[in-house]
$ cat coords_9.cif   # mmCIF, C-alpha atoms
data_target
loop_
_atom_site.label_atom_id
_atom_site.label_comp_id
_atom_site.auth_asym_id
_atom_site.auth_seq_id
_atom_site.Cartn_x
_atom_site.Cartn_y
_atom_site.Cartn_z
CA MET K 22 28.18 40.32 12.66
CA PRO K 23 26.73 43.74 13.53
CA LYS K 24 25.81 46.11 10.74
CA ILE K 25 28.47 48.74 10.24
CA LEU K 26 27.64 52.24 11.41
CA THR K 27 27.79 54.53 8.42
CA ASN K 28 26.93 57.77 10.20
CA LYS K 29 29.96 60.02 9.79
CA ASP K 30 28.88 61.93 12.92
CA ASN K 31 29.76 58.82 14.96
CA LEU K 32 33.37 58.83 13.81
CA GLN K 33 35.89 59.39 16.60
CA VAL K 34 38.76 61.28 14.99
CA LEU K 35 41.88 61.14 17.17
CA TYR K 36 44.21 63.14 14.93
CA GLU K 37 43.97 64.96 11.62
CA ASP K 38 46.23 67.18 9.56
CA ASN K 39 46.95 67.69 5.85
CA HIS K 40 48.54 64.24 5.51
CA LEU K 41 47.08 61.94 8.17
CA LEU K 42 43.65 60.97 9.49
CA ILE K 43 43.67 58.70 12.54
CA ILE K 44 40.46 57.33 13.99
CA ASN K 45 39.24 55.15 16.85
CA LYS K 46 37.64 52.16 15.11
CA ARG K 47 34.41 50.68 16.46
CA VAL K 48 33.45 47.02 16.72
CA GLY K 49 32.08 45.82 13.40
CA ASP K 50 33.73 48.47 11.24
CA ILE K 51 35.73 47.09 8.32
CA VAL K 52 38.76 49.08 7.24
CA GLN K 53 38.53 48.19 3.56
CA GLY K 54 35.80 46.61 1.43
CA ASP K 55 35.38 42.83 1.58
CA LYS K 56 33.02 40.12 0.38
CA THR K 57 30.30 41.20 2.85
CA GLY K 58 29.62 44.28 0.77
CA ASP K 59 29.31 46.42 3.92
CA THR K 60 30.46 50.02 3.61
CA PRO K 61 34.12 50.19 4.72
CA LEU K 62 35.71 52.91 6.80
CA SER K 63 37.79 53.95 3.81
CA GLU K 64 34.64 55.00 1.96
CA ILE K 65 33.04 56.60 5.02
CA LEU K 66 36.17 58.68 5.57
CA LYS K 67 36.30 59.76 1.95
CA SER K 68 32.77 61.12 2.38
CA TYR K 69 33.81 62.78 5.64
CA ILE K 70 36.74 64.54 3.95
CA LYS K 71 34.66 65.49 0.92
CA GLU K 72 31.98 67.12 3.06
CA LYS K 73 34.24 68.72 5.66
CA TYR K 74 36.51 70.39 3.12
CA HIS K 75 33.98 70.79 0.30
CA LYS K 76 36.19 68.84 -2.08
CA PRO K 77 34.95 68.35 -5.65
CA GLY K 78 35.58 65.11 -7.50
CA ASN K 79 37.25 62.03 -6.07
CA VAL K 80 38.92 62.10 -2.65
CA TYR K 81 42.25 60.34 -2.06
CA LEU K 82 42.61 58.11 1.00
CA GLY K 83 45.49 55.73 1.66
CA VAL K 84 45.21 52.63 3.88
CA PRO K 85 48.65 51.71 5.27
CA HIS K 86 47.41 49.12 7.80
CA ARG K 87 44.28 47.37 9.06
CA LEU K 88 42.54 46.08 12.15
CA ASP K 89 40.39 42.96 12.28
CA ARG K 90 36.66 43.63 12.12
CA PRO K 91 35.88 42.51 15.71
CA THR K 92 38.66 44.66 17.24
CA THR K 93 38.61 48.34 18.20
CA GLY K 94 41.09 51.16 18.39
CA ILE K 95 43.59 53.15 16.39
CA VAL K 96 43.62 52.99 12.60
CA VAL K 97 45.85 55.27 10.55
CA PHE K 98 44.77 56.57 7.14
CA THR K 99 46.63 58.96 4.87
CA LYS K 100 45.27 61.90 2.90
CA THR K 101 48.23 62.12 0.50
CA SER K 102 50.17 59.56 -1.54
CA LYS K 103 53.42 60.96 -0.15
CA ALA K 104 52.30 60.17 3.39
CA LEU K 105 51.10 56.70 2.36
CA SER K 106 54.41 55.60 0.88
CA ARG K 107 56.40 56.97 3.80
CA ILE K 108 54.23 55.64 6.61
CA SER K 109 53.87 52.25 4.89
CA LYS K 110 57.66 52.05 5.01
CA LEU K 111 57.63 52.87 8.73
CA PHE K 112 55.12 50.07 9.35
CA SER K 113 57.10 47.55 7.28
CA GLN K 114 60.36 48.45 9.01
CA GLY K 115 58.86 48.19 12.50
CA GLN K 116 59.42 51.87 13.25
CA ILE K 117 55.89 52.41 14.53
CA GLN K 118 55.32 51.46 18.16
CA LYS K 119 51.92 49.82 18.59
CA THR K 120 50.44 49.04 22.00
CA TYR K 121 47.29 46.96 22.44
CA TRP K 122 45.06 46.07 25.37
CA ALA K 123 43.51 42.62 25.54
CA VAL K 124 40.97 41.38 28.10
CA VAL K 125 41.34 37.73 29.08
CA LYS K 126 39.65 35.46 31.62
CA GLU K 127 42.75 33.61 32.80
CA ARG K 128 45.64 35.35 34.54
CA PRO K 129 48.80 34.70 32.49
CA VAL K 130 51.70 32.82 34.03
CA PRO K 131 54.13 34.51 34.20
CA GLU K 132 52.39 37.90 34.43
CA LYS K 133 54.98 39.47 32.14
CA GLY K 134 56.86 37.94 29.25
CA THR K 135 57.78 37.68 25.59
CA LEU K 136 56.06 35.28 23.21
CA VAL K 137 57.87 33.98 20.14
CA HIS K 138 56.07 31.72 17.67
CA TRP K 139 56.03 30.89 13.99
CA LEU K 140 52.52 31.46 12.68
CA LEU K 141 51.07 29.62 9.71
CA LYS K 142 47.92 31.12 8.21
CA ASN K 143 45.09 28.77 7.27
CA GLU K 144 43.43 30.66 4.42
CA LYS K 145 40.35 28.43 4.33
CA LYS K 146 39.56 28.97 8.02
CA ASN K 147 40.97 32.52 8.16
CA LYS K 148 42.95 31.51 11.22
CA SER K 149 46.61 31.37 12.24
CA VAL K 150 48.22 28.35 13.89
CA PRO K 151 51.25 28.82 16.19
CA TYR K 152 54.37 26.64 16.07
CA SER K 153 57.35 26.64 18.42
CA SER K 154 59.81 26.41 15.55
CA GLU K 155 59.85 27.46 11.92
CA ILE K 156 57.95 25.37 9.39
CA LYS K 157 57.42 25.91 5.68
CA GLY K 158 55.27 28.97 4.99
CA SER K 159 55.31 30.23 8.57
CA LYS K 160 56.28 33.71 9.73
CA GLN K 161 57.96 34.60 13.00
CA ALA K 162 55.75 36.46 15.47
CA ILE K 163 57.06 38.30 18.53
CA LEU K 164 55.15 40.21 21.17
CA HIS K 165 55.75 41.43 24.71
CA TYR K 166 52.94 41.37 27.26
CA LYS K 167 52.37 42.35 30.87
CA LEU K 168 49.42 42.23 33.23
CA LYS K 169 48.10 45.79 33.41
CA TYR K 170 44.84 45.64 35.39
CA SER K 171 42.66 43.02 37.07
CA THR K 172 38.94 43.20 37.86
CA ASP K 173 36.93 40.60 39.78
CA ASN K 174 36.39 38.53 36.64
CA TYR K 175 38.93 39.57 34.00
CA HIS K 176 42.50 40.66 33.39
CA CYS K 177 43.72 43.36 31.04
CA LEU K 178 47.03 42.68 29.35
CA GLU K 179 49.14 45.36 27.67
CA ILE K 180 50.85 44.12 24.53
CA ASP K 181 53.68 45.64 22.52
CA LEU K 182 54.12 44.14 19.07
CA GLU K 183 57.47 43.56 17.42
CA THR K 184 55.87 42.01 14.36
CA GLY K 185 52.49 42.41 12.74
CA ARG K 186 51.19 39.00 11.68
CA HIS K 187 47.72 37.74 10.83
CA HIS K 188 45.69 37.43 14.06
CA GLN K 189 49.00 37.54 15.95
CA ILE K 190 47.82 38.71 19.37
CA ARG K 191 44.71 36.55 19.27
CA CYS K 192 46.67 33.45 18.31
CA GLN K 193 49.65 33.92 20.61
CA LEU K 194 47.61 34.72 23.73
CA ALA K 195 45.39 31.70 23.08
CA SER K 196 48.53 29.55 22.85
CA ILE K 197 49.35 30.33 26.51
CA GLY K 198 45.80 29.63 27.69
CA CYS K 199 44.60 33.23 27.57
CA PRO K 200 42.14 33.59 24.68
CA ILE K 201 40.70 37.08 24.36
CA LYS K 202 37.22 37.70 25.73
CA GLY K 203 34.63 37.00 23.03
CA ASP K 204 37.09 35.37 20.61
CA LEU K 205 35.38 32.07 19.80
CA LYS K 206 37.75 31.45 16.90
CA TYR K 207 40.69 31.15 19.29
CA GLY K 208 39.00 29.31 22.13
CA PHE K 209 37.08 31.73 24.33
CA ALA K 210 33.97 30.05 25.73
CA ARG K 211 31.34 32.69 24.80
CA SER K 212 30.87 35.35 22.16
CA ASN K 213 30.28 39.00 23.02
CA PRO K 214 26.78 40.42 22.41
CA ASP K 215 28.14 42.79 19.74
CA ALA K 216 30.13 39.99 18.02
CA GLY K 217 33.34 41.86 18.83
CA ILE K 218 36.32 40.80 20.91
CA HIS K 219 38.03 42.65 23.73
CA LEU K 220 41.16 43.56 21.79
CA HIS K 221 41.86 47.28 21.50
CA ALA K 222 44.60 49.15 19.66
CA ARG K 223 45.36 51.47 22.56
CA LYS K 224 48.39 53.58 21.60
CA ILE K 225 50.61 54.40 18.65
CA VAL K 226 53.93 56.28 18.62
CA PHE K 227 55.73 57.27 15.43
CA THR K 228 57.59 60.00 13.59
CA HIS K 229 55.28 61.97 11.33
CA PRO K 230 56.11 60.94 7.76
CA VAL K 231 56.16 64.54 6.48
CA SER K 232 56.68 66.99 9.37
CA LYS K 233 59.00 64.57 11.26
CA ALA K 234 57.32 65.53 14.55
CA GLU K 235 56.95 62.84 17.23
CA ILE K 236 53.32 61.71 17.31
CA GLU K 237 51.84 59.82 20.27
CA ILE K 238 48.15 58.97 20.26
CA GLU K 239 45.95 57.04 22.69
CA ALA K 240 42.47 55.73 21.93
CA PRO K 241 39.93 55.22 24.72
CA PRO K 242 38.26 51.77 24.74
CA PRO K 243 34.54 51.56 23.85
CA ALA K 244 32.76 53.78 26.38
CA GLY K 245 29.55 51.76 26.57
CA ASP K 246 31.19 48.43 27.36
CA PRO K 247 30.93 47.50 31.07
CA VAL K 248 34.17 45.47 31.13
CA TRP K 249 36.21 48.25 29.55
CA LYS K 250 34.53 50.74 31.87
CA ALA K 251 35.54 48.70 34.92
CA ILE K 252 39.12 48.56 33.67
CA MET K 253 39.29 52.29 32.96
CA ASN K 254 38.01 52.96 36.48
CA LEU K 255 41.17 51.28 37.81
CA GLN K 256 43.42 53.90 36.26
#
$ encode --input "coords_9.cif" --output "structure tokens"
Amino acid sequence: MPKILTNKDNLQVLYEDNHLLIINKRVGDIVQGDKTGDTPLSEILKSYIKEKYHKPGNVYLGVPHRLDRPTTGIVVFTKTSKALSRISKLFSQGQIQKTYWAVVKERPVPEKGTLVHWLLKNEKKNKSVPYSSEIKGSKQAILHYKLKYSTDNYHCLEIDLETGRHHQIRCQLASIGCPIKGDLKYGFARSNPDAGIHLHARKIVFTHPVSKAEIEIEAPPPAGDPVWKAIMNLQ
């Protein structure tokens, strides 16, 4: 796994106000601390806030959701406890529209559809297993996908989530024969050089938890990646 970038100058801030801080996560970044001991984004952003606003003492930062380490894209943090409690409720109630892009090798059949599975998490392997009907301990997972772009070698799918389960997109796409590029855990043939996968949290739409304004944010895919570059050139 690549070493996390701790340079605050490399942060790509997509949106910031008194209550929210939304960034474009890089491959390899971890949102919160884990057993690796690598510096998480939560700590990097606390330092960013402390320096930018010359704040003395401890800095507050709320973490209402997460992205897997090998994925990229939008991550929302909160700068106040009020915003954290309110936006956490929006996430839990499915009132935040999340759109992802996933690059796959195989063209899905059909090219547009809805996937419904019951996912059972294997804690030991840190992997989810899909079932066609409910079993003990499983959680229902629903997503909608459509073919967005095709290059000579790959296809970009756009995914809208109805639920937010462990490894949901990775698991469900693999179940229809479309594992995400670089995702060895779910059946792709080769890893990516940066140990990431081509899954990107592309867009988020929600009502601001304090101001009540409609917020819509898009995150560009990693600029230096040739596959993402080829896909963006098709726009």
$ resolve_selection --input "coords_9.cif" --expression "the PyMOL selection byres ((chain K and resi 203) around 6)" --output "list in words"
Lys202, Asp204, Leu205, Phe209, Arg211, Ser212, Asn213 and Ile218 of chain K
$ resolve_selection --input "coords_9.cif" --expression "the PyMOL selection byres ((chain K and resi 237-246) around 9)" --output "compact mmCIF listing (two decimals) with C-alpha atoms, in the frame of the given file"
# COMPACT_ATOMS: atom_id res chain seq x y z
CA LEU K 35 41.88 61.14 17.17
CA TYR K 36 44.21 63.14 14.93
CA ILE K 43 43.67 58.70 12.54
CA ILE K 44 40.46 57.33 13.99
CA ASN K 45 39.24 55.15 16.85
CA ARG K 47 34.41 50.68 16.46
CA VAL K 48 33.45 47.02 16.72
CA THR K 93 38.61 48.34 18.20
CA GLY K 94 41.09 51.16 18.39
CA ILE K 95 43.59 53.15 16.39
CA TRP K 122 45.06 46.07 25.37
CA HIS K 221 41.86 47.28 21.50
CA ALA K 222 44.60 49.15 19.66
CA ARG K 223 45.36 51.47 22.56
CA LYS K 224 48.39 53.58 21.60
CA ILE K 225 50.61 54.40 18.65
CA VAL K 226 53.93 56.28 18.62
CA PHE K 227 55.73 57.27 15.43
CA THR K 228 57.59 60.00 13.59
CA GLU K 235 56.95 62.84 17.23
CA ILE K 236 53.32 61.71 17.31
CA PRO K 247 30.93 47.50 31.07
CA VAL K 248 34.17 45.47 31.13
CA TRP K 249 36.21 48.25 29.55
CA LYS K 250 34.53 50.74 31.87
CA ALA K 251 35.54 48.70 34.92
CA MET K 253 39.29 52.29 32.96
$ resolve_selection --input "coords_9.cif" --expression "the PyMOL selection byres ((chain K and resi 41) around 9)" --output "MDAnalysis selection string"
chainID K and resid 36:40 42:43 97:101 104:105 229
$ atom_distance --input "coords_9.cif" --atom1 "CA of Lys160 (chain K)" --atom2 "CA of Leu141 (chain K)"
6.6 Å
$ residues_around --input "coords_9.cif" --residues "Ile108 (chain K)" --least-positions-apart "4" --cutoff "7 Å" --atoms "only C-alpha atoms" --output "compact mmCIF listing (two decimals) with C-alpha atoms, in the coordinates of the input"
# COMPACT_ATOMS: atom_id res chain seq x y z
CA PRO K 85 48.65 51.71 5.27
CA ALA K 104 52.30 60.17 3.39
CA PHE K 112 55.12 50.07 9.35
CA PRO K 230 56.11 60.94 7.76
$ atom_distance --input "coords_9.cif" --atom1 "CA of Ala210 (chain K)" --atom2 "CA of Lys148 (chain K)"
17.1 Å
$ closest_atom_pairs --input "coords_9.cif" --of "region 177-204 of chain K" --to "region 162-173 of chain K" --cutoff "10 Å" --atoms "only C-alpha atoms" --output "Markdown table"
| residue | atom | partner | partner_atom | distance |
| --- | --- | --- | --- | --- |
| K:Cys177 | CA | K:Tyr170 | CA | 5.0 |
| K:Leu178 | CA | K:Leu168 | CA | 4.6 |
| K:Glu179 | CA | K:Lys167 | CA | 5.5 |
| K:Ile180 | CA | K:Tyr166 | CA | 4.4 |
| K:Asp181 | CA | K:His165 | CA | 5.2 |
| K:Leu182 | CA | K:Leu164 | CA | 4.6 |
| K:Glu183 | CA | K:Ile163 | CA | 5.4 |
| K:Thr184 | CA | K:Ala162 | CA | 5.7 |
| K:Gly185 | CA | K:Ala162 | CA | 7.3 |
| K:Arg186 | CA | K:Ala162 | CA | 6.5 |
| K:His187 | CA | K:Ala162 | CA | 9.4 |
| K:Gln189 | CA | K:Ala162 | CA | 6.9 |
| K:Ile190 | CA | K:Leu164 | CA | 7.7 |
| K:Cys192 | CA | K:Ala162 | CA | 10.0 |
| K:Gln193 | CA | K:Ala162 | CA | 8.4 |
| K:Leu194 | CA | K:Tyr166 | CA | 9.2 |
$ residues_around --input "coords_9.cif" --residues "Glu64 (chain K)" --least-positions-apart "2" --cutoff "10 Å" --atoms "all atoms listed in the file" --output "compact mmCIF listing (two decimals) with C-alpha atoms, in the frame of the given file"
# COMPACT_ATOMS: atom_id res chain seq x y z
CA THR K 27 27.79 54.53 8.42
CA VAL K 52 38.76 49.08 7.24
CA GLN K 53 38.53 48.19 3.56
CA GLY K 54 35.80 46.61 1.43
CA THR K 60 30.46 50.02 3.61
CA PRO K 61 34.12 50.19 4.72
CA LEU K 62 35.71 52.91 6.80
CA LEU K 66 36.17 58.68 5.57
CA LYS K 67 36.30 59.76 1.95
CA SER K 68 32.77 61.12 2.38
CA TYR K 69 33.81 62.78 5.64
CA ILE K 70 36.74 64.54 3.95
CA VAL K 80 38.92 62.10 -2.65
CA LEU K 82 42.61 58.11 1.00
$ atom_distance --input "coords_9.cif" --atom1 "CA of Gln114 (chain K)" --atom2 "CA of Thr135 (chain K)"
19.9 Å
$ residues_around --input "coords_9.cif" --residues "Gly198 (chain K)" --least-positions-apart "6" --cutoff "9 Å" --atoms "all atoms listed in the file" --output "count of residues only"
4
$ closest_residue --input "coords_9.cif" --among "K:Ser196, K:Ser153, K:Ser113, K:Gln118" --to "Val137 (chain K)" --atoms "only C-alpha atoms"
K:Ser153
$ closest_residue --input "coords_9.cif" --among "K:Lys126, K:Lys145, K:Lys133, K:Lys46" --to "Gly217 (chain K)" --atoms "only C-alpha atoms"
K:Lys46
$ axis_aligned_box --input "coords_9.cif" --around "region 211-229 of chain K" --padding-each-side "6 Å" --output "lines of an AutoDock Vina configuration file"
center_x = 42.2
center_y = 47.3
center_z = 18.1
size_x = 42.8
size_y = 41.3
size_z = 25.5
$ residues_around --input "coords_9.cif" --residues "Glu155 (chain K)" --least-positions-apart "3" --cutoff "10 Å" --atoms "only C-alpha atoms" --output "number ranges by chain"
K: 138-141, 151-152, 158-161
$ closest_residue --input "coords_9.cif" --among "K:Ile51, K:Val231, K:Val124, K:Val150" --to "Lys206 (chain K)" --atoms "only C-alpha atoms"
K:Val150
$ closest_residue --input "coords_9.cif" --among "K:His176, K:Lys119, K:Arg87, K:Arg191" --to "Ser149 (chain K)" --atoms "all atoms listed in the file"
K:Arg191
$ closest_residue --input "coords_9.cif" --among "K:Tyr74, K:Asp215, K:Arg107, K:Ile252" --to "Ser232 (chain K)" --atoms "all atoms listed in the file"
K:Arg107
